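Working notes for the structure below.
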Amino acid sequence: LSSPLPGLFPVNINAENGQWGGAHITMGGLADSFYEYLLKLYILTGMSDVASLGMYNNAVEAMVRHLTVVTPDNDKAFLAEFKNGHTVRDMEHLSCFVPGMLALGSSLFKPSLNRNHQDRPLKPQENFLMSHSQDHLKLADQLVKGCVASYDAMPTGLGPERFRFDETGRGPLIEMVEGRYILRPETVESIYVLYRMTGEQKYRDMGWRIFQAIERHCKNKCCYSGIVDVTQDPPELNNSMQSFFLAETLKYLYLLFSDSDAMPFDRYVWTTEAHPLPIFGTDAETEKVARSTL
């Protein structure tokens with residue numbers, strides 16, 4: 001099937017005729033895990049699934065060309081959506097996984113993470129990613145700053161489910177579209193990965209601000225709750241704690257402030273639900289097999 005934006009794909013397919021069910025293209029809901037797993041399948045297989053890496057390269061190139069919007073000062077970036085032939089400057093919180101994905105991909109050829117490449121020449125897909133690594137890392141930093149800006153712009157210090165952005169300076173940079181906050185992990189996930197890949201303290205500072213806002217507004221007598229509207233301070237609680245808050249949000253915040261050798265990226269790859277999988281051919285996989293035979 002041909003796509004309106006080659007390299008990226010609409011979120012729905014018609015099961016009766018096998019054609020695309022519309023022309024909505026996003027890095028957010030209904031699409032996010034697909035793009036993330038293109039890169040992570042390559043990593044999980046010990047850097048052998050270069051077909052998935054090639055699809056990842058194509059997706060990122062199309063994302064940069066068609067969906068990425070950078071502020072004039074080059075400090076922040078955002079991800080638009082493509083709907084029925086038009087670019088819409090709306091961004092979901094779910095799309096904030098992208099900075100972490102880019103940072104992970106950009107770091108694969110560092111000496112500490114590329115043990116599986118050292119005994120063979122790089123393939124074209126790998127050479128392509130390596131040649132774009134610095135650009136991808138810069139974009140990851142710009143995008144995570146954009147995501148964190150959506151938190152900082154709200155009175156509660158918590159990011160909305162969906163926001164509109166205006167990089168032109170003619171209006172506010174961030175405008176809330178859907179104001180609920182349901183304890184999502186994507187922004188802190190990207191902050192964690194960027195900190196691990198760069199060691200820059202500013203990412204821990206970002207994560208600490210978000211953690212403090214969660215403690216201030218979401219903690220209650222029994223647990224933590226999402227909030228109804230991030231523009232209201234004090235906010236109304238929605239009396240719901242999503243399971244991903246424990247499985248992902250708090251896990252990534254904990255790892256952000258843990259020692260750098262906790263869950264090393266040269267041995268494990270995280271699923272989209274924050275489960276660490278041992279990379280094929282590493283001692284982490286050997287240890288898993290050994291434990292399973294006890």
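In the structure tokens, the first chain shown is A, the next is B, and so on; residue numbers restart at 1 for each chain, and ligands run from 1 in the order shown.
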>> For the helix (DSSP H, G or I) assignment from backbone DSSP, which residues of segment 58-258 of chain A qualify? Please present them as an MDAnalysis selection string.
In response: chainID A and resid 58:66 93:106 115:117 124:131 133:152 186:198 201:217 243:256
>> Which residues are close to Ala59 of chain A, i.e. within 7 Å by only C-alpha atoms, leaving aside same-chain residues fewer than 3 positions away? Reply as a PyMOL selection string.
In response: chain A and resi 7-8+55-56+62-63
Since we have the selection now, will you write its residues out, keeping N, CA and C atoms, as a compact mmCIF listing (two decimals), in the first residue's frame?
# COMPACT_ATOMS: atom_id res chain seq x y z
N GLY A 7 7.04 6.28 4.28
CA GLY A 7 7.84 6.08 5.47
C GLY A 7 7.00 6.09 6.73
N LEU A 8 5.89 6.84 6.68
CA LEU A 8 4.90 6.85 7.76
C LEU A 8 3.60 6.28 7.24
N MET A 55 13.25 0.40 8.00
CA MET A 55 11.93 1.02 8.13
C MET A 55 11.96 2.14 9.15
N TYR A 56 12.73 1.94 10.22
CA TYR A 56 12.87 3.00 11.23
C TYR A 56 13.52 4.24 10.61
N ALA A 62 10.87 10.70 7.29
CA ALA A 62 9.56 11.26 6.93
C ALA A 62 9.01 12.12 8.06
N MET A 63 9.21 11.69 9.30
CA MET A 63 8.76 12.47 10.45
C MET A 63 9.44 13.83 10.48
> Counting only C-alpha atoms, what is within 8 Å of segment 163-180 of chain A, bar same-chain residues fewer than 5 positions away, as a VMD selection string?
Replying inline: chain A and resid 69 to 72 78 89 to 92 149 to 150 153 226 to 231
Please produce a file of those selected residues containing C-alpha atoms, as a CSV table (one decimal), in the first residue's frame.
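Generated file (result.csv):
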chain,number,residue,atom,x,y,z
A,69,VAL,CA,8.2,21.9,13.7
A,70,VAL,CA,11.2,23.7,15.3
A,71,THR,CA,10.9,27.1,17.0
A,72,PRO,CA,12.8,29.9,15.3
A,78,PHE,CA,7.1,19.7,18.3
A,89,ARG,CA,-0.3,21.7,14.9
A,90,ASP,CA,-1.6,19.5,17.7
A,91,MET,CA,0.6,17.2,19.7
A,92,GLU,CA,-0.4,14.4,22.1
A,149,ALA,CA,7.4,23.1,27.9
A,150,SER,CA,3.8,21.8,27.9
A,153,ALA,CA,3.1,26.2,30.7
A,226,GLY,CA,-4.9,11.7,37.6
A,227,ILE,CA,-6.4,15.2,37.4
A,228,VAL,CA,-9.2,16.6,35.4
A,229,ASP,CA,-7.7,19.8,34.2
A,230,VAL,CA,-4.1,20.8,34.4
A,231,THR,CA,-5.0,24.5,34.1
Val144 of chain A: which residues within 9 Å, counting only C-alpha atoms, same-chain residues fewer than 2 positions away excluded, as an mmCIF file with C-alpha atoms, in the first residue's frame?
data_model
loop_
_atom_site.group_PDB
_atom_site.id
_atom_site.type_symbol
_atom_site.label_atom_id
_atom_site.label_comp_id
_atom_site.auth_asym_id
_atom_site.auth_seq_id
_atom_site.Cartn_x
_atom_site.Cartn_y
_atom_site.Cartn_z
ATOM 1 C CA LYS A 76 12.379 23.463 21.049
ATOM 2 C CA ALA A 77 10.566 21.222 18.592
ATOM 3 C CA PHE A 78 7.106 19.707 18.328
ATOM 4 C CA CYS A 96 6.590 12.481 23.786
ATOM 5 C CA PHE A 97 8.129 8.997 23.604
ATOM 6 C CA VAL A 98 9.843 10.126 20.370
ATOM 7 C CA PRO A 99 12.759 12.035 21.977
ATOM 8 C CA GLY A 100 13.747 8.912 23.905
ATOM 9 C CA LEU A 139 16.265 16.786 17.631
ATOM 10 C CA ALA A 140 15.645 14.548 20.651
ATOM 11 C CA ASP A 141 16.820 17.378 22.914
ATOM 12 C CA GLN A 142 14.612 19.913 21.106
ATOM 13 C CA GLY A 146 8.955 20.980 23.755
ATOM 14 C CA CYS A 147 7.271 18.254 25.783
ATOM 15 C CA VAL A 148 8.543 19.697 29.065
ATOM 16 C CA ALA A 149 7.367 23.147 27.941
ATOM 17 C CA THR A 187 7.871 12.528 28.837
ATOM 18 C CA SER A 190 12.390 10.349 27.184
ATOM 19 C CA ILE A 191 14.038 12.397 29.920
ATOM 20 C CA LEU A 194 18.372 11.308 27.246
#
>> Using only C-alpha atoms, which protein or nucleic acid residues come within 9 Å of segment 105-108 of chain A? Drop anything in the same chain fewer than 5 positions from it, and give the result as a PyMOL selection string.
In response: chain A and resi 39-40+43+100+113-114+129-130+132-137+197+266
Quick one: residues within 9 Å of segment 24-30 of chain A, only C-alpha atoms counted, chain neighbours fewer than 4 positions away excluded, as a PDB file with N, CA and C atoms, in the first residue's frame?
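The new file out-v3.pdb reads:
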ATOM      1  N   PRO A   4       0.271   8.335   2.078  1.00  0.00           N
ATOM      2  CA  PRO A   4       0.343   9.759   1.740  1.00  0.00           C
ATOM      3  C   PRO A   4       1.691  10.376   2.101  1.00  0.00           C
ATOM      4  N   LEU A   5       2.346   9.840   3.141  1.00  0.00           N
ATOM      5  CA  LEU A   5       3.672  10.296   3.549  1.00  0.00           C
ATOM      6  C   LEU A   5       4.581   9.076   3.588  1.00  0.00           C
ATOM      7  N   LEU A   8       5.889   6.835   6.683  1.00  0.00           N
ATOM      8  CA  LEU A   8       4.904   6.853   7.762  1.00  0.00           C
ATOM      9  C   LEU A   8       3.597   6.277   7.244  1.00  0.00           C
ATOM     10  N   PHE A   9       2.725   5.873   8.166  1.00  0.00           N
ATOM     11  CA  PHE A   9       1.529   5.148   7.753  1.00  0.00           C
ATOM     12  C   PHE A   9       0.295   5.654   8.492  1.00  0.00           C
ATOM     13  N   PRO A  10      -0.872   5.693   7.819  1.00  0.00           N
ATOM     14  CA  PRO A  10      -2.111   6.028   8.512  1.00  0.00           C
ATOM     15  C   PRO A  10      -2.385   5.043   9.646  1.00  0.00           C
ATOM     16  N   VAL A  11      -3.151   5.472  10.635  1.00  0.00           N
ATOM     17  CA  VAL A  11      -3.335   4.672  11.841  1.00  0.00           C
ATOM     18  C   VAL A  11      -4.377   3.569  11.667  1.00  0.00           C
ATOM     19  N   ASN A  12      -5.191   3.627  10.611  1.00  0.00           N
ATOM     20  CA  ASN A  12      -6.237   2.621  10.421  1.00  0.00           C
ATOM     21  C   ASN A  12      -6.145   1.975   9.042  1.00  0.00           C
ATOM     22  N   PHE A  34       4.323   1.133  17.159  1.00  0.00           N
ATOM     23  CA  PHE A  34       4.812   0.579  15.889  1.00  0.00           C
ATOM     24  C   PHE A  34       6.172   1.161  15.536  1.00  0.00           C
ATOM     25  N   TYR A  35       6.298   2.484  15.581  1.00  0.00           N
ATOM     26  CA  TYR A  35       7.558   3.110  15.204  1.00  0.00           C
ATOM     27  C   TYR A  35       8.651   2.804  16.224  1.00  0.00           C
ATOM     28  N   MET A  63       9.212  11.687   9.298  1.00  0.00           N
ATOM     29  CA  MET A  63       8.759  12.472  10.448  1.00  0.00           C
ATOM     30  C   MET A  63       9.442  13.834  10.479  1.00  0.00           C
ATOM     31  N   LEU A  67       6.430  16.246   9.733  1.00  0.00           N
ATOM     32  CA  LEU A  67       5.708  16.464  10.987  1.00  0.00           C
ATOM     33  C   LEU A  67       6.450  17.339  11.983  1.00  0.00           C
ATOM     34  N   LEU A  79       5.816  17.897  17.350  1.00  0.00           N
ATOM     35  CA  LEU A  79       5.402  16.967  16.301  1.00  0.00           C
ATOM     36  C   LEU A  79       3.951  17.221  15.945  1.00  0.00           C
ATOM     37  N   ALA A  80       3.728  17.648  14.710  1.00  0.00           N
ATOM     38  CA  ALA A  80       2.378  17.873  14.214  1.00  0.00           C
ATOM     39  C   ALA A  80       1.751  16.542  13.812  1.00  0.00           C
ATOM     40  N   GLU A  81       0.483  16.598  13.414  1.00  0.00           N
ATOM     41  CA  GLU A  81      -0.216  15.439  12.865  1.00  0.00           C
ATOM     42  C   GLU A  81      -0.637  15.751  11.436  1.00  0.00           C
ATOM     43  N   PHE A  82      -0.844  14.721  10.664  1.00  0.00           N
ATOM     44  CA  PHE A  82      -1.269  14.852   9.276  1.00  0.00           C
ATOM     45  C   PHE A  82      -2.672  14.271   9.171  1.00  0.00           C
ATOM     46  N   LYS A  83      -3.635  15.117   8.822  1.00  0.00           N
ATOM     47  CA  LYS A  83      -5.029  14.681   8.738  1.00  0.00           C
ATOM     48  C   LYS A  83      -5.627  15.125   7.415  1.00  0.00           C
ATOM     49  N   ASN A  84      -5.988  14.133   6.604  1.00  0.00           N
ATOM     50  CA  ASN A  84      -6.697  14.385   5.350  1.00  0.00           C
ATOM     51  C   ASN A  84      -5.998  15.441   4.489  1.00  0.00           C
ATOM     52  N   GLY A  85      -4.697  15.271   4.366  1.00  0.00           N
ATOM     53  CA  GLY A  85      -3.946  16.132   3.474  1.00  0.00           C
ATOM     54  C   GLY A  85      -3.426  17.417   4.082  1.00  0.00           C
ATOM     55  N   MET A  91      -0.350  18.227  19.293  1.00  0.00           N
ATOM     56  CA  MET A  91       0.565  17.175  19.729  1.00  0.00           C
ATOM     57  C   MET A  91      -0.011  16.493  20.951  1.00  0.00           C
ATOM     58  N   GLU A  92       0.000  15.161  20.935  1.00  0.00           N
ATOM     59  CA  GLU A  92      -0.432  14.370  22.078  1.00  0.00           C
ATOM     60  C   GLU A  92       0.731  14.132  23.038  1.00  0.00           C
ATOM     61  N   HIS A  93       0.395  13.961  24.310  1.00  0.00           N
ATOM     62  CA  HIS A  93       1.418  13.559  25.265  1.00  0.00           C
ATOM     63  C   HIS A  93       2.054  12.238  24.841  1.00  0.00           C
ATOM     64  N   LEU A  94       1.271  11.337  24.238  1.00  0.00           N
ATOM     65  CA  LEU A  94       1.792  10.043  23.801  1.00  0.00           C
ATOM     66  C   LEU A  94       2.978  10.197  22.847  1.00  0.00           C
ATOM     67  N   SER A  95       2.998  11.275  22.064  1.00  0.00           N
ATOM     68  CA  SER A  95       4.091  11.476  21.113  1.00  0.00           C
ATOM     69  C   SER A  95       5.405  11.820  21.793  1.00  0.00           C
ATOM     70  N   CYS A  96       5.362  12.086  23.081  1.00  0.00           N
ATOM     71  CA  CYS A  96       6.590  12.481  23.786  1.00  0.00           C
ATOM     72  C   CYS A  96       7.520  11.305  24.061  1.00  0.00           C
ATOM     73  N   PHE A  97       7.178  10.102  23.571  1.00  0.00           N
ATOM     74  CA  PHE A  97       8.129   8.997  23.604  1.00  0.00           C
ATOM     75  C   PHE A  97       9.221   9.194  22.550  1.00  0.00           C
ATOM     76  N   VAL A  98       8.945  10.010  21.520  1.00  0.00           N
ATOM     77  CA  VAL A  98       9.843  10.126  20.370  1.00  0.00           C
ATOM     78  C   VAL A  98      11.236  10.614  20.755  1.00  0.00           C
TER      79      VAL A  98
END
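Atom to atom, atom CA of Asn57 of chain A and atom CA of Ala284 of chain A stand 27.0 Å apart.
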>> For Ala247 of chain A, find every residue with an atom within 12 Å (counting only C-alpha atoms), except residues of its own chain fewer than 3 positions away, and show them as a count of residues only.
In response: 20
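Of the residues under consideration (A:Tyr42, A:Val50, A:Leu255, A:Phe280), A:Phe280 shows the shortest atom-to-atom contact distance to Arg267 of chain A when counting only C-alpha atoms.
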> Looking only at the backbone, which of the residues in segment 32-171 of chain A does DSSP tag as strand (DSSP E), as a PyMOL selection string?
Replying inline: chain A and resi 68-70+77-79+81-83+86-88+90-92+162-165
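In this structure, atom CA of Ser52 of chain A sits 27.2 Å away from atom CA of Thr249 of chain A.
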> Which distance in Å separates atom CA of Leu104 of chain A and atom CA of Val193 of chain A, to one decimal?
Replying inline: 6.8 Å
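Considering only C-alpha atoms, the residue among A:Val188, A:Cys223, A:Leu122, A:Leu237 positioned nearest to Met47 of chain A is A:Leu122.
The shortest atom-to-atom distance to Gln125 of chain A, with only C-alpha atoms taken into account, belongs to A:Ala51 out of A:Met154, A:Leu44, A:Ile182, A:Ala51.
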